[in-house]
$ cat upload.csv   # CSV, C-alpha atoms and all ligand atoms
chain,number,residue,atom,x,y,z
A,1,ASP,CA,95.4,75.2,53.0
A,2,ALA,CA,98.9,73.9,53.6
A,3,ALA,CA,99.0,71.7,50.5
A,4,ASP,CA,98.2,74.7,48.4
A,5,ALA,CA,101.3,76.5,49.6
A,6,GLU,CA,103.6,73.6,48.4
A,7,LYS,CA,105.5,74.0,45.2
A,8,GLY,CA,105.2,70.3,44.3
A,9,THR,CA,106.8,69.4,41.0
A,10,PHE,CA,106.9,73.0,39.7
A,11,PRO,CA,110.3,74.6,39.5
A,12,PHE,CA,108.9,77.9,40.8
A,13,TYR,CA,105.8,79.0,42.6
A,14,MET,CA,105.0,81.4,39.8
A,15,LEU,CA,104.5,78.6,37.3
A,16,LYS,CA,102.4,76.7,39.8
A,17,GLU,CA,100.2,79.8,40.4
A,18,VAL,CA,99.9,80.6,36.7
A,19,SER,CA,98.7,77.0,36.2
A,20,GLU,CA,96.1,77.2,38.9
A,21,GLN,CA,94.1,80.0,37.3
A,22,PRO,CA,91.6,77.8,35.5
A,23,ALA,CA,90.8,76.0,38.8
A,24,VAL,CA,90.5,79.4,40.5
A,25,MET,CA,87.9,80.5,37.9
A,26,ARG,CA,85.9,77.4,38.6
A,27,ARG,CA,86.2,77.8,42.3
A,28,LEU,CA,84.8,81.3,42.1
A,29,ILE,CA,81.8,80.2,40.1
A,30,SER,CA,81.0,77.5,42.7
A,31,ARG,CA,81.7,79.9,45.5
A,32,TYR,CA,79.7,82.9,44.3
A,33,VAL,CA,77.1,81.7,41.7
A,34,ASP,CA,73.9,79.9,42.6
A,35,GLN,CA,72.1,77.1,40.6
A,36,ALA,CA,70.2,79.6,38.6
A,37,GLY,CA,73.4,81.4,37.5
A,38,ALA,CA,73.0,84.4,39.7
A,39,PRO,CA,75.9,85.7,41.8
A,40,GLN,CA,75.2,85.7,45.5
A,41,PHE,CA,76.7,88.3,47.9
A,42,ASP,CA,75.9,89.8,51.2
A,43,GLN,CA,72.7,91.7,50.8
A,44,ALA,CA,73.7,94.7,53.0
A,45,MET,CA,76.9,95.1,51.0
A,46,LEU,CA,74.9,95.1,47.7
A,47,GLU,CA,72.6,97.7,49.1
A,48,ALA,CA,75.5,99.9,50.1
A,49,LEU,CA,76.9,99.5,46.6
A,50,ALA,CA,73.6,100.2,45.0
A,51,SER,CA,73.1,103.4,47.0
A,52,ALA,CA,76.5,104.8,46.0
A,53,ASP,CA,76.5,107.3,43.2
A,54,ARG,CA,80.2,106.6,42.3
A,55,LEU,CA,82.6,103.8,43.1
A,56,TYR,CA,86.3,104.5,43.8
A,57,ILE,CA,88.6,101.5,43.3
A,58,VAL,CA,91.8,102.1,45.2
A,59,ALA,CA,94.8,99.7,44.7
A,60,ALA,CA,98.5,99.4,43.9
A,61,GLY,CA,100.6,97.6,41.2
A,62,THR,CA,99.0,94.6,39.7
A,63,SER,CA,95.8,95.1,41.8
A,64,TYR,CA,95.5,98.6,40.3
A,65,HIS,CA,95.7,97.0,36.8
A,66,ALA,CA,92.8,94.7,37.8
A,67,GLY,CA,91.0,97.8,39.1
A,68,LEU,CA,91.2,99.4,35.7
A,69,VAL,CA,89.4,96.4,34.2
A,70,GLY,CA,86.9,96.6,37.1
A,71,GLN,CA,86.2,100.3,36.3
A,72,SER,CA,84.8,99.1,32.9
A,73,LEU,CA,82.9,96.2,34.4
A,74,PHE,CA,81.1,98.4,37.0
A,75,GLU,CA,80.4,101.1,34.4
A,76,GLN,CA,79.1,98.7,31.7
A,77,LEU,CA,77.2,96.2,33.8
A,78,ALA,CA,76.0,98.3,36.8
A,79,LYS,CA,75.9,101.7,35.1
A,80,VAL,CA,77.6,103.3,38.0
A,81,PRO,CA,80.4,105.8,37.4
A,82,THR,CA,83.6,104.2,38.6
A,83,GLU,CA,87.2,105.3,38.9
A,84,ALA,CA,90.3,103.3,39.6
A,85,TYR,CA,93.0,105.1,41.6
A,86,LEU,CA,96.5,104.4,42.7
A,87,ALA,CA,96.5,104.3,46.5
A,88,SER,CA,99.8,106.0,46.7
A,89,GLU,CA,98.4,109.0,44.8
A,90,PHE,CA,95.0,109.2,46.3
A,91,GLY,CA,95.9,110.8,49.5
A,92,TYR,CA,97.9,113.6,47.9
A,93,HIS,CA,95.8,114.2,44.8
A,94,GLN,CA,92.4,113.4,46.1
A,95,PRO,CA,89.7,113.8,43.5
A,96,LEU,CA,86.6,115.9,44.2
A,97,LEU,CA,84.4,113.1,45.7
A,98,SER,CA,80.8,112.6,44.6
A,99,ALA,CA,77.9,113.1,47.1
A,100,LYS,CA,77.6,109.3,47.9
A,101,PRO,CA,80.9,107.6,47.2
A,102,MET,CA,81.7,104.0,48.1
A,103,PHE,CA,85.3,102.7,48.2
A,104,ILE,CA,86.5,99.4,47.0
A,105,PHE,CA,90.0,98.4,48.1
A,106,LEU,CA,91.5,95.8,45.8
A,107,THR,CA,94.4,94.0,47.4
A,108,GLN,CA,95.9,90.5,47.2
A,109,SER,CA,97.6,90.7,50.6
A,110,GLY,CA,95.2,93.0,52.4
A,111,GLU,CA,98.3,94.6,54.1
A,112,THR,CA,99.4,97.3,51.6
A,113,ALA,CA,100.3,100.4,53.6
A,114,ASP,CA,99.4,102.9,50.8
A,115,ILE,CA,95.8,101.5,50.8
A,116,ARG,CA,95.6,101.5,54.6
A,117,GLN,CA,96.3,105.2,54.6
A,118,VAL,CA,93.4,105.8,52.3
A,119,LEU,CA,91.1,103.5,54.3
A,120,VAL,CA,91.8,105.4,57.5
A,121,ASN,CA,90.7,108.7,55.9
A,122,VAL,CA,87.7,107.1,54.2
A,123,LYS,CA,86.5,105.7,57.6
A,124,GLN,CA,87.1,109.0,59.3
A,125,ALA,CA,84.9,110.7,56.7
A,126,GLY,CA,82.2,108.1,57.2
A,127,TYR,CA,82.1,106.7,53.7
A,128,PRO,CA,81.3,103.0,53.2
A,129,SER,CA,84.1,100.6,52.1
A,130,LEU,CA,84.6,97.1,50.8
A,131,THR,CA,87.9,95.2,50.6
A,132,LEU,CA,88.3,92.5,47.9
A,133,THR,CA,91.3,90.5,49.1
A,134,ASN,CA,92.9,87.1,49.0
A,135,VAL,CA,93.6,87.2,52.7
A,136,ILE,CA,90.3,87.5,54.5
A,137,THR,CA,92.0,87.7,57.9
A,138,SER,CA,94.1,90.7,56.8
A,139,THR,CA,94.1,94.2,58.2
A,140,LEU,CA,92.2,95.7,55.2
A,141,ALA,CA,89.6,93.0,55.3
A,142,ARG,CA,89.0,93.6,59.0
A,143,GLU,CA,88.9,97.4,58.9
A,144,ALA,CA,86.6,97.8,55.9
A,145,ASP,CA,82.8,97.7,56.4
A,146,TYR,CA,82.6,94.7,54.0
A,147,ALA,CA,85.1,92.1,52.7
A,148,VAL,CA,84.9,89.6,49.8
A,149,GLU,CA,87.4,86.8,49.4
A,150,LEU,CA,89.3,86.4,46.2
A,151,ALA,CA,89.7,82.7,47.0
A,152,ALA,CA,92.8,82.3,44.7
A,153,GLY,CA,94.6,80.3,47.4
A,154,PRO,CA,98.0,81.3,48.8
A,155,GLU,CA,100.0,83.3,46.4
A,156,ILE,CA,103.7,82.9,47.2
A,157,ALA,CA,105.6,84.3,44.2
A,158,VAL,CA,106.3,88.0,44.4
A,159,ALA,CA,104.9,88.5,40.9
A,160,SER,CA,101.1,88.4,41.3
A,161,THR,CA,99.3,86.1,38.7
A,162,LYS,CA,96.3,84.2,40.0
A,163,ALA,CA,95.3,87.0,42.3
A,164,TYR,CA,95.0,89.3,39.3
A,165,THR,CA,92.7,87.0,37.4
A,166,ALA,CA,90.7,86.3,40.6
A,167,GLN,CA,90.3,90.1,41.1
A,168,VAL,CA,89.0,90.6,37.6
A,169,ALA,CA,86.6,87.6,38.0
A,170,VAL,CA,85.3,88.8,41.4
A,171,GLU,CA,84.8,92.3,40.0
A,172,ALA,CA,82.8,90.8,37.2
A,173,LEU,CA,80.6,88.8,39.6
A,174,LEU,CA,80.1,91.9,41.8
A,175,ALA,CA,79.3,94.1,38.8
A,176,LYS,CA,76.8,91.6,37.5
A,177,ALA,CA,75.2,91.3,41.0
A,178,LEU,CA,75.0,95.1,41.4
A,179,GLY,CA,73.7,95.5,37.8
A,180,MET,CA,70.9,93.0,38.7
A,181,VAL,CA,69.9,95.0,41.8
A,182,LYS,CA,69.8,98.1,39.7
A,183,GLN,CA,67.9,96.3,36.9
A,184,VAL,CA,70.5,97.2,34.2
A,185,PRO,CA,69.7,95.3,31.0
A,186,ALA,CA,73.4,94.8,30.2
A,187,ALA,CA,73.8,92.9,33.5
A,188,ALA,CA,70.8,90.7,32.7
A,189,ALA,CA,72.3,89.8,29.3
A,190,PHE,CA,75.8,89.1,30.8
A,191,ASP,CA,76.1,85.4,31.8
A,192,VAL,CA,79.0,85.8,34.2
A,193,ALA,CA,79.2,82.1,35.1
A,194,HIS,CA,79.4,81.1,31.5
A,195,GLN,CA,82.0,83.7,30.7
A,196,LEU,CA,84.2,82.6,33.7
A,197,SER,CA,83.8,79.0,32.6
A,198,LEU,CA,84.9,79.9,29.0
A,199,ALA,CA,87.8,81.8,30.6
A,200,ALA,CA,88.9,78.7,32.5
A,201,THR,CA,88.9,76.6,29.4
A,202,GLY,CA,90.7,79.3,27.4
A,203,GLN,CA,93.3,79.7,30.1
A,204,GLN,CA,94.0,76.0,30.1
A,205,ALA,CA,94.5,76.0,26.4
A,206,LEU,CA,97.1,78.8,26.7
A,207,ILE,CA,98.9,77.1,29.7
A,208,ASP,CA,99.0,73.9,27.5
A,209,GLN,CA,100.9,76.0,24.9
A,210,GLN,CA,103.7,76.9,27.3
A,211,GLU,CA,106.5,75.3,25.2
A,212,GLN,CA,105.6,77.5,22.3
A,213,LEU,CA,105.3,80.5,24.5
A,214,HIS,CA,108.8,79.7,25.8
A,215,LEU,CA,110.1,79.8,22.3
A,216,LEU,CA,108.4,83.1,21.6
A,217,ALA,CA,109.8,84.5,24.9
A,218,THR,CA,113.3,83.6,23.9
A,219,ASP,CA,112.9,85.0,20.4
A,220,MET,CA,111.2,88.3,21.5
A,221,PHE,CA,113.0,89.1,24.8
A,222,GLY,CA,116.1,86.9,24.8
A,223,LYS,CA,118.5,89.7,24.2
A,224,THR,CA,116.5,92.9,24.5
A,225,ARG,CA,116.8,95.6,27.1
A,226,ASN,CA,113.4,97.1,26.5
A,227,ALA,CA,110.0,96.1,25.2
A,228,PHE,CA,106.5,97.6,24.6
A,229,PHE,CA,103.0,96.3,25.0
A,230,ILE,CA,100.1,98.0,23.3
A,231,GLY,CA,96.4,97.8,23.1
A,232,ARG,CA,93.2,99.8,23.4
A,233,GLY,CA,90.5,99.6,26.2
A,234,THR,CA,90.9,96.4,28.2
A,235,ASP,CA,93.8,95.5,25.8
A,236,TYR,CA,95.5,98.6,27.1
A,237,PHE,CA,94.9,97.6,30.7
A,238,VAL,CA,96.4,94.2,30.1
A,239,SER,CA,99.3,95.8,28.4
A,240,LEU,CA,100.1,97.6,31.6
A,241,GLU,CA,100.0,94.4,33.6
A,242,ALA,CA,102.0,92.3,31.0
A,243,ALA,CA,104.7,95.0,31.1
A,244,LEU,CA,104.8,95.0,34.9
A,245,LYS,CA,105.3,91.2,34.9
A,246,LEU,CA,108.2,91.5,32.5
A,247,LYS,CA,109.8,94.3,34.5
A,248,GLU,CA,109.5,92.7,37.9
A,249,ILE,CA,111.0,89.3,37.2
A,250,SER,CA,113.2,89.8,34.1
A,251,TYR,CA,114.4,93.4,34.7
A,252,VAL,CA,113.6,94.3,31.0
A,253,GLN,CA,112.5,97.9,30.7
A,254,ALA,CA,108.9,97.3,29.6
A,255,GLU,CA,106.1,99.8,29.1
A,256,GLY,CA,102.4,99.3,28.4
A,257,PHE,CA,100.9,101.9,26.1
A,258,ALA,CA,97.5,102.8,24.8
A,259,ALA,CA,98.1,101.9,21.1
A,260,GLY,CA,96.8,105.2,19.9
A,261,GLU,CA,99.3,107.2,22.0
A,262,LEU,CA,102.3,105.6,20.3
A,263,LYS,CA,102.3,108.3,17.6
A,264,HIS,CA,102.3,111.0,20.2
A,265,GLY,CA,105.8,110.3,21.3
A,266,THR,CA,106.7,106.7,22.2
A,267,ILE,CA,107.1,105.6,18.6
A,268,ALA,CA,110.4,107.6,18.6
A,269,LEU,CA,111.9,104.8,20.7
A,270,ILE,CA,111.2,102.1,18.1
A,271,GLU,CA,114.4,100.8,16.5
A,272,GLN,CA,115.4,97.7,14.6
A,273,ASP,CA,114.2,94.6,16.5
A,274,THR,CA,112.5,96.5,19.4
A,275,PRO,CA,110.0,94.0,20.7
A,276,VAL,CA,106.3,95.1,20.6
A,277,VAL,CA,103.5,92.9,21.9
A,278,ALA,CA,100.0,93.9,20.5
A,279,PHE,CA,96.8,92.8,22.2
A,280,ILE,CA,93.9,92.6,19.8
A,281,THR,CA,90.6,91.3,21.4
A,282,ASP,CA,88.1,94.0,20.9
A,283,PRO,CA,86.2,94.0,17.5
A,284,VAL,CA,85.6,97.8,17.8
A,285,THR,CA,89.3,98.7,18.0
A,286,ALA,CA,91.0,95.7,16.4
A,287,ALA,CA,91.6,97.3,13.0
A,288,ARG,CA,93.2,100.4,14.5
A,289,THR,CA,95.5,98.5,16.8
A,290,ARG,CA,96.5,96.3,13.9
A,291,SER,CA,97.5,99.4,11.9
A,292,ASN,CA,99.5,100.7,14.9
A,293,ALA,CA,101.3,97.3,15.0
A,294,GLU,CA,102.1,97.7,11.3
A,295,GLU,CA,103.4,101.3,11.8
A,296,VAL,CA,106.0,100.0,14.4
A,297,GLU,CA,106.8,97.0,12.2
A,298,ALA,CA,107.6,99.3,9.3
A,299,ARG,CA,110.1,101.0,11.6
A,300,GLY,CA,111.8,97.8,12.4
A,301,ALA,CA,110.0,96.5,15.5
A,302,LYS,CA,109.6,92.8,16.1
A,303,VAL,CA,105.8,92.5,16.7
A,304,LEU,CA,104.0,89.7,18.5
A,305,ARG,CA,100.3,89.7,18.0
A,306,ILE,CA,98.0,88.2,20.6
A,307,ALA,CA,94.5,88.1,19.2
A,308,SER,CA,91.0,86.7,19.9
A,309,ALA,CA,90.1,83.7,17.6
A,310,SER,CA,87.3,85.5,15.7
A,311,LEU,CA,89.7,88.5,15.0
A,312,ALA,CA,92.8,86.5,14.2
A,313,GLU,CA,94.7,86.9,11.0
A,314,PRO,CA,97.5,84.9,9.4
A,315,GLY,CA,100.8,85.6,11.1
A,316,ASP,CA,99.2,86.2,14.6
A,317,GLN,CA,101.4,84.2,16.9
A,318,VAL,CA,99.1,83.7,19.9
A,319,ILE,CA,95.3,83.1,19.5
A,320,VAL,CA,93.1,83.2,22.6
A,321,ASP,CA,89.5,82.0,22.7
A,322,ASP,CA,86.7,84.4,22.2
A,323,LEU,CA,85.3,86.0,25.3
A,324,ASP,CA,83.2,89.1,26.2
A,325,PRO,CA,85.6,92.0,25.5
A,326,LEU,CA,85.2,93.2,29.1
A,327,LEU,CA,86.8,89.9,30.3
A,328,THR,CA,89.5,89.2,27.7
A,329,PRO,CA,92.3,90.1,30.2
A,330,LEU,CA,91.5,86.8,31.9
A,331,LEU,CA,92.9,85.1,28.8
A,332,THR,CA,95.4,87.6,27.3
A,333,ILE,CA,97.3,88.0,30.6
A,334,ILE,CA,98.3,84.2,30.5
A,335,PRO,CA,100.7,84.7,27.6
A,336,GLY,CA,101.8,87.9,29.3
A,337,GLN,CA,102.6,86.0,32.5
A,338,LEU,CA,104.3,83.1,30.7
A,339,LEU,CA,106.4,85.3,28.4
A,340,ALA,CA,107.7,87.1,31.6
A,341,TYR,CA,108.2,83.8,33.4
A,342,PHE,CA,110.3,82.2,30.6
A,343,THR,CA,112.3,85.4,30.0
A,344,SER,CA,113.3,85.4,33.7
A,345,LEU,CA,114.0,81.6,33.6
A,346,ASP,CA,116.2,82.0,30.4
A,347,ARG,CA,118.2,84.7,32.1
A,348,GLY,CA,118.8,82.5,35.2
A,349,TYR,CA,117.0,84.7,37.7
A,350,ASP,CA,115.2,83.7,40.9
A,351,VAL,CA,111.7,84.0,39.4
A,352,ASP,CA,109.8,83.9,42.7
A,353,ARG,CA,112.0,86.4,44.5
A,354,PRO,CA,113.0,89.2,42.2
A,355,ARG,CA,115.5,91.8,43.5
A,356,ASN,CA,114.3,94.8,45.5
A,357,LEU,CA,110.7,93.6,45.9
A,358,ALA,CA,108.6,92.4,48.8
A,359,LYS,CA,105.4,90.3,48.5
A,360,SER,CA,103.4,92.8,50.5
A,361,VAL,CA,104.5,96.4,50.7
A,362,THR,CA,103.9,97.5,54.3
A,363,VAL,CA,105.6,100.9,54.0
A,364,GLU,CA,104.3,104.0,52.4
B,401,LIG,C1,102.6,92.4,41.6
B,401,LIG,O1,103.2,91.5,40.7
B,401,LIG,C2,103.4,93.2,42.4
B,401,LIG,N1,104.3,92.4,43.2
B,401,LIG,C3,102.8,94.4,43.1
B,401,LIG,O2,102.6,95.3,42.1
B,401,LIG,C4,101.5,94.2,43.9
B,401,LIG,O3,100.5,93.9,43.1
B,401,LIG,C5,101.2,95.4,44.7
B,401,LIG,O4,102.2,95.7,45.7
B,401,LIG,C6,99.9,95.4,45.4
B,401,LIG,O5,99.8,94.4,46.4
B,401,LIG,P1,98.4,93.9,47.1
B,401,LIG,O6,97.6,93.4,46.0
B,401,LIG,O7,98.8,92.9,48.0
B,401,LIG,O8,97.8,95.2,47.7

$ encode --input "upload.csv" --output "structure tokens"
Amino acid sequence: DAADAEKGTFPFYMLKEVSEQPAVMRRLISRYVDQAGAPQFDQAMLEALASADRLYIVAAGTSYHAGLVGQSLFEQLAKVPTEAYLASEFGYHQPLLSAKPMFIFLTQSGETADIRQVLVNVKQAGYPSLTLTNVITSTLAREADYAVELAAGPEIAVASTKAYTAQVAVEALLAKALGMVKQVPAAAAFDVAHQLSLAATGQQALIDQQEQLHLLATDMFGKTRNAFFIGRGTDYFVSLEAALKLKEISYVQAEGFAAGELKHGTIALIEQDTPVVAFITDPVTAARTRSNAEEVEARGAKVLRIASASLAEPGDQVIVDDLDPLLTPLLTIIPGQLLAYFTSLDRGYDVDRPRNLAKSVTVE
């Protein structure tokens, strides 16, 4: 509503929108989960999803990064092969489609031209489609067979924040619902409402540490021209998104890397004081990512470790609450967003309106 679109006492919309994320998580629980803890969605849409043999998530930018997290959620909880694709690549590099594909268009604005181009082809071919969007009246919501609202409230800042976490949360709700239809044991064991409620609490704790995050941002990125973000699995996906945030609003050359890939080339770029942020939230890969962080540290990098509480070690600068490893981006992206925000603020930029960028990209 109109009040939602006001900046209020916040200096920038981005900080307001970052701060709203715990409320968005709670809103999504009350919107989509029933008293018994089961997610509720349109039955025909669930049946369409359940009869697909493969899901194709098509998106751009931040929404694509949320789609990568969604790929794991649908595969783990609903046991359906899922692939996330960049909309701008899909048309020119179309994968060999499965026999019964279903398309999920993930888009904050619902107006992204690169996605629309894919949607037109998908409809022509007669494949079913679903748009997950923050703007339920948008073109992509109207033109797909089904639409689900992200319910994040208006997002004004060009850098997407609450739409990203809302996308991850809605994907988790949908993956759980689909997994229940398909009677997947992993879905039955996944208490999505509880996880999202833990996420809301954990996000708030991180937002409450923003002064400390400001100090870390100044120390890590105050003078740098480049930065790296590393992790494995979902920690890799969040690395891509944290790097994009820093690029967009602070103009620091930032790259997200799969931690294990560093040694295959990128480590050559590490110099004295190169900032490297390491995400460590998965018990299966924590030790390996830690050793990658030590490798770059030994070559002079300035390392900031963001770790889950049960995996934390002395010297880790940011600790996030424990959460199912599939959903830790809901927490770890908060320091990612705030580090980018404070870097932009320190440098005196217009955080909400970075140069060369539009909120919705309506050209291909
Ligand atoms: C996010 O911070 C960016 N401004 C951008 O990458 C955005 O996510 C992308 O253009 C996709 O937009 P959409 O979600 O509205 O489709």

$ closest_atom_pairs --input "upload.csv" --of "stretch 112-192 of chain A" --to "stretch 339-344 of chain A" --cutoff "12 Å" --atoms "all atoms listed in the file" --output "JSON lines"
{"residue": "A:Ala157", "atom": "CA", "partner": "A:Tyr341", "partner_atom": "CA", "distance": 11.1}
{"residue": "A:Val158", "atom": "CA", "partner": "A:Tyr341", "partner_atom": "CA", "distance": 11.9}
{"residue": "A:Ala159", "atom": "CA", "partner": "A:Tyr341", "partner_atom": "CA", "distance": 9.4}
{"residue": "A:Ser160", "atom": "CA", "partner": "A:Tyr341", "partner_atom": "CA", "distance": 11.6}
{"residue": "A:Thr161", "atom": "CA", "partner": "A:Tyr341", "partner_atom": "CA", "distance": 10.6}

$ closest_atom_pairs --input "upload.csv" --of "chain A" --to "ligand LIG 401 (chain B)" --cutoff "6 Å" --atoms "all atoms listed in the file" --output "tab-separated table"
residue	atom	partner	partner_atom	distance
A:Ala60	CA	B:LIG401	C6	4.5
A:Gly61	CA	B:LIG401	O2	3.2
A:Thr62	CA	B:LIG401	O3	3.8
A:Ser63	CA	B:LIG401	O6	4.9
A:Thr107	CA	B:LIG401	O6	3.5
A:Gln108	CA	B:LIG401	O6	3.6
A:Ser109	CA	B:LIG401	O7	3.6
A:Gly110	CA	B:LIG401	O7	5.7
A:Thr112	CA	B:LIG401	O8	4.7
A:Val158	CA	B:LIG401	N1	5.0
A:Ala159	CA	B:LIG401	O1	3.5
A:Ser160	CA	B:LIG401	O1	3.8
A:Lys359	CA	B:LIG401	N1	5.8
A:Ser360	CA	B:LIG401	O7	5.2
A:Val361	CA	B:LIG401	O4	5.5

$ closest_residue --input "upload.csv" --among "A:Ala175, A:Ala84, A:Ala286, A:Val238" --to "A:Gly260" --atoms "only C-alpha atoms"
A:Ala286

$ residues_around --input "upload.csv" --residues "stretch 307-317 of chain A" --least-positions-apart "2" --cutoff "10 Å" --atoms "only C-alpha atoms" --output "list in words"
Gln212, Leu213, Leu216, Asp235, Ala278, Phe279, Ile280, Thr281, Asp282, Pro283, Ala286, Ala287, Arg290, Val303, Leu304, Arg305, Ile319, Val320, Asp321, Asp322, Leu323, Pro325, Thr328, Leu331 and Thr332 of chain A

$ atom_distance --input "upload.csv" --atom1 "atom CA of A:Tyr164" --atom2 "atom CA of A:Gln337"
10.7 Å

$ residues_around --input "upload.csv" --residues "stretch 38-50 of chain A" --least-positions-apart "4" --cutoff "8 Å" --atoms "all atoms listed in the file" --output "PDB file with C-alpha atoms, keeping the file's coordinate frame"
ATOM      1  CA  TYR A  32      79.700  82.900  44.300  1.00  0.00           C
ATOM      2  CA  VAL A  33      77.100  81.700  41.700  1.00  0.00           C
ATOM      3  CA  ASP A  34      73.900  79.900  42.600  1.00  0.00           C
ATOM      4  CA  LEU A  55      82.600 103.800  43.100  1.00  0.00           C
ATOM      5  CA  MET A 102      81.700 104.000  48.100  1.00  0.00           C
ATOM      6  CA  PRO A 128      81.300 103.000  53.200  1.00  0.00           C
ATOM      7  CA  LEU A 130      84.600  97.100  50.800  1.00  0.00           C
ATOM      8  CA  TYR A 146      82.600  94.700  54.000  1.00  0.00           C
ATOM      9  CA  LEU A 173      80.600  88.800  39.600  1.00  0.00           C
ATOM     10  CA  LEU A 174      80.100  91.900  41.800  1.00  0.00           C
ATOM     11  CA  LYS A 176      76.800  91.600  37.500  1.00  0.00           C
ATOM     12  CA  ALA A 177      75.200  91.300  41.000  1.00  0.00           C
ATOM     13  CA  LEU A 178      75.000  95.100  41.400  1.00  0.00           C
ATOM     14  CA  VAL A 181      69.900  95.000  41.800  1.00  0.00           C
ATOM     15  CA  LYS A 182      69.800  98.100  39.700  1.00  0.00           C
TER      16      LYS A 182
END

$ atom_distance --input "upload.csv" --atom1 "atom CA of A:Pro101" --atom2 "atom CA of A:Thr82"
9.6 Å

$ build_atoms --input "upload.csv" --residues "stretch 287-303 of chain A" --atoms "N, CA and C atoms" --output "PDB file, keeping the file's coordinate frame"
ATOM      1  N   ALA A 287      91.016  96.817  14.203  1.00  0.00           N
ATOM      2  CA  ALA A 287      91.600  97.300  13.000  1.00  0.00           C
ATOM      3  C   ALA A 287      92.646  98.410  13.266  1.00  0.00           C
ATOM      4  N   ARG A 288      92.274  99.291  14.179  1.00  0.00           N
ATOM      5  CA  ARG A 288      93.200 100.400  14.500  1.00  0.00           C
ATOM      6  C   ARG A 288      94.450  99.909  15.187  1.00  0.00           C
ATOM      7  N   THR A 289      94.290  98.984  16.120  1.00  0.00           N
ATOM      8  CA  THR A 289      95.500  98.500  16.800  1.00  0.00           C
ATOM      9  C   THR A 289      96.373  97.726  15.818  1.00  0.00           C
ATOM     10  N   ARG A 290      95.734  96.981  14.904  1.00  0.00           N
ATOM     11  CA  ARG A 290      96.500  96.300  13.900  1.00  0.00           C
ATOM     12  C   ARG A 290      97.337  97.312  13.066  1.00  0.00           C
ATOM     13  N   SER A 291      96.720  98.428  12.736  1.00  0.00           N
ATOM     14  CA  SER A 291      97.500  99.400  11.900  1.00  0.00           C
ATOM     15  C   SER A 291      98.599 100.027  12.749  1.00  0.00           C
ATOM     16  N   ASN A 292      98.391 100.207  14.063  1.00  0.00           N
ATOM     17  CA  ASN A 292      99.500 100.700  14.900  1.00  0.00           C
ATOM     18  C   ASN A 292     100.639  99.675  14.938  1.00  0.00           C
ATOM     19  N   ALA A 293     100.287  98.393  14.971  1.00  0.00           N
ATOM     20  CA  ALA A 293     101.300  97.300  15.000  1.00  0.00           C
ATOM     21  C   ALA A 293     102.104  97.392  13.660  1.00  0.00           C
ATOM     22  N   GLU A 294     101.386  97.646  12.550  1.00  0.00           N
ATOM     23  CA  GLU A 294     102.100  97.700  11.300  1.00  0.00           C
ATOM     24  C   GLU A 294     103.010  98.948  11.196  1.00  0.00           C
ATOM     25  N   GLU A 295     102.551 100.042  11.824  1.00  0.00           N
ATOM     26  CA  GLU A 295     103.400 101.300  11.800  1.00  0.00           C
ATOM     27  C   GLU A 295     104.745 100.991  12.525  1.00  0.00           C
ATOM     28  N   VAL A 296     104.683 100.279  13.666  1.00  0.00           N
ATOM     29  CA  VAL A 296     106.000 100.000  14.400  1.00  0.00           C
ATOM     30  C   VAL A 296     106.789  98.981  13.617  1.00  0.00           C
ATOM     31  N   GLU A 297     106.087  98.043  12.992  1.00  0.00           N
ATOM     32  CA  GLU A 297     106.800  97.000  12.200  1.00  0.00           C
ATOM     33  C   GLU A 297     107.548  97.657  11.057  1.00  0.00           C
ATOM     34  N   ALA A 298     106.917  98.638  10.419  1.00  0.00           N
ATOM     35  CA  ALA A 298     107.600  99.300   9.300  1.00  0.00           C
ATOM     36  C   ALA A 298     108.814 100.074   9.750  1.00  0.00           C
ATOM     37  N   ARG A 299     108.906 100.347  11.061  1.00  0.00           N
ATOM     38  CA  ARG A 299     110.100 101.000  11.600  1.00  0.00           C
ATOM     39  C   ARG A 299     111.060 100.040  12.225  1.00  0.00           C
ATOM     40  N   GLY A 300     110.870  98.769  11.937  1.00  0.00           N
ATOM     41  CA  GLY A 300     111.800  97.800  12.400  1.00  0.00           C
ATOM     42  C   GLY A 300     111.452  96.931  13.562  1.00  0.00           C
ATOM     43  N   ALA A 301     110.333  97.278  14.244  1.00  0.00           N
ATOM     44  CA  ALA A 301     110.000  96.500  15.500  1.00  0.00           C
ATOM     45  C   ALA A 301     109.663  95.081  15.153  1.00  0.00           C
ATOM     46  N   LYS A 302     109.936  94.257  16.154  1.00  0.00           N
ATOM     47  CA  LYS A 302     109.600  92.800  16.100  1.00  0.00           C
ATOM     48  C   LYS A 302     108.248  92.698  16.799  1.00  0.00           C
ATOM     49  N   VAL A 303     107.188  92.400  16.055  1.00  0.00           N
ATOM     50  CA  VAL A 303     105.800  92.500  16.700  1.00  0.00           C
ATOM     51  C   VAL A 303     105.298  91.058  16.925  1.00  0.00           C
TER      52      VAL A 303
END
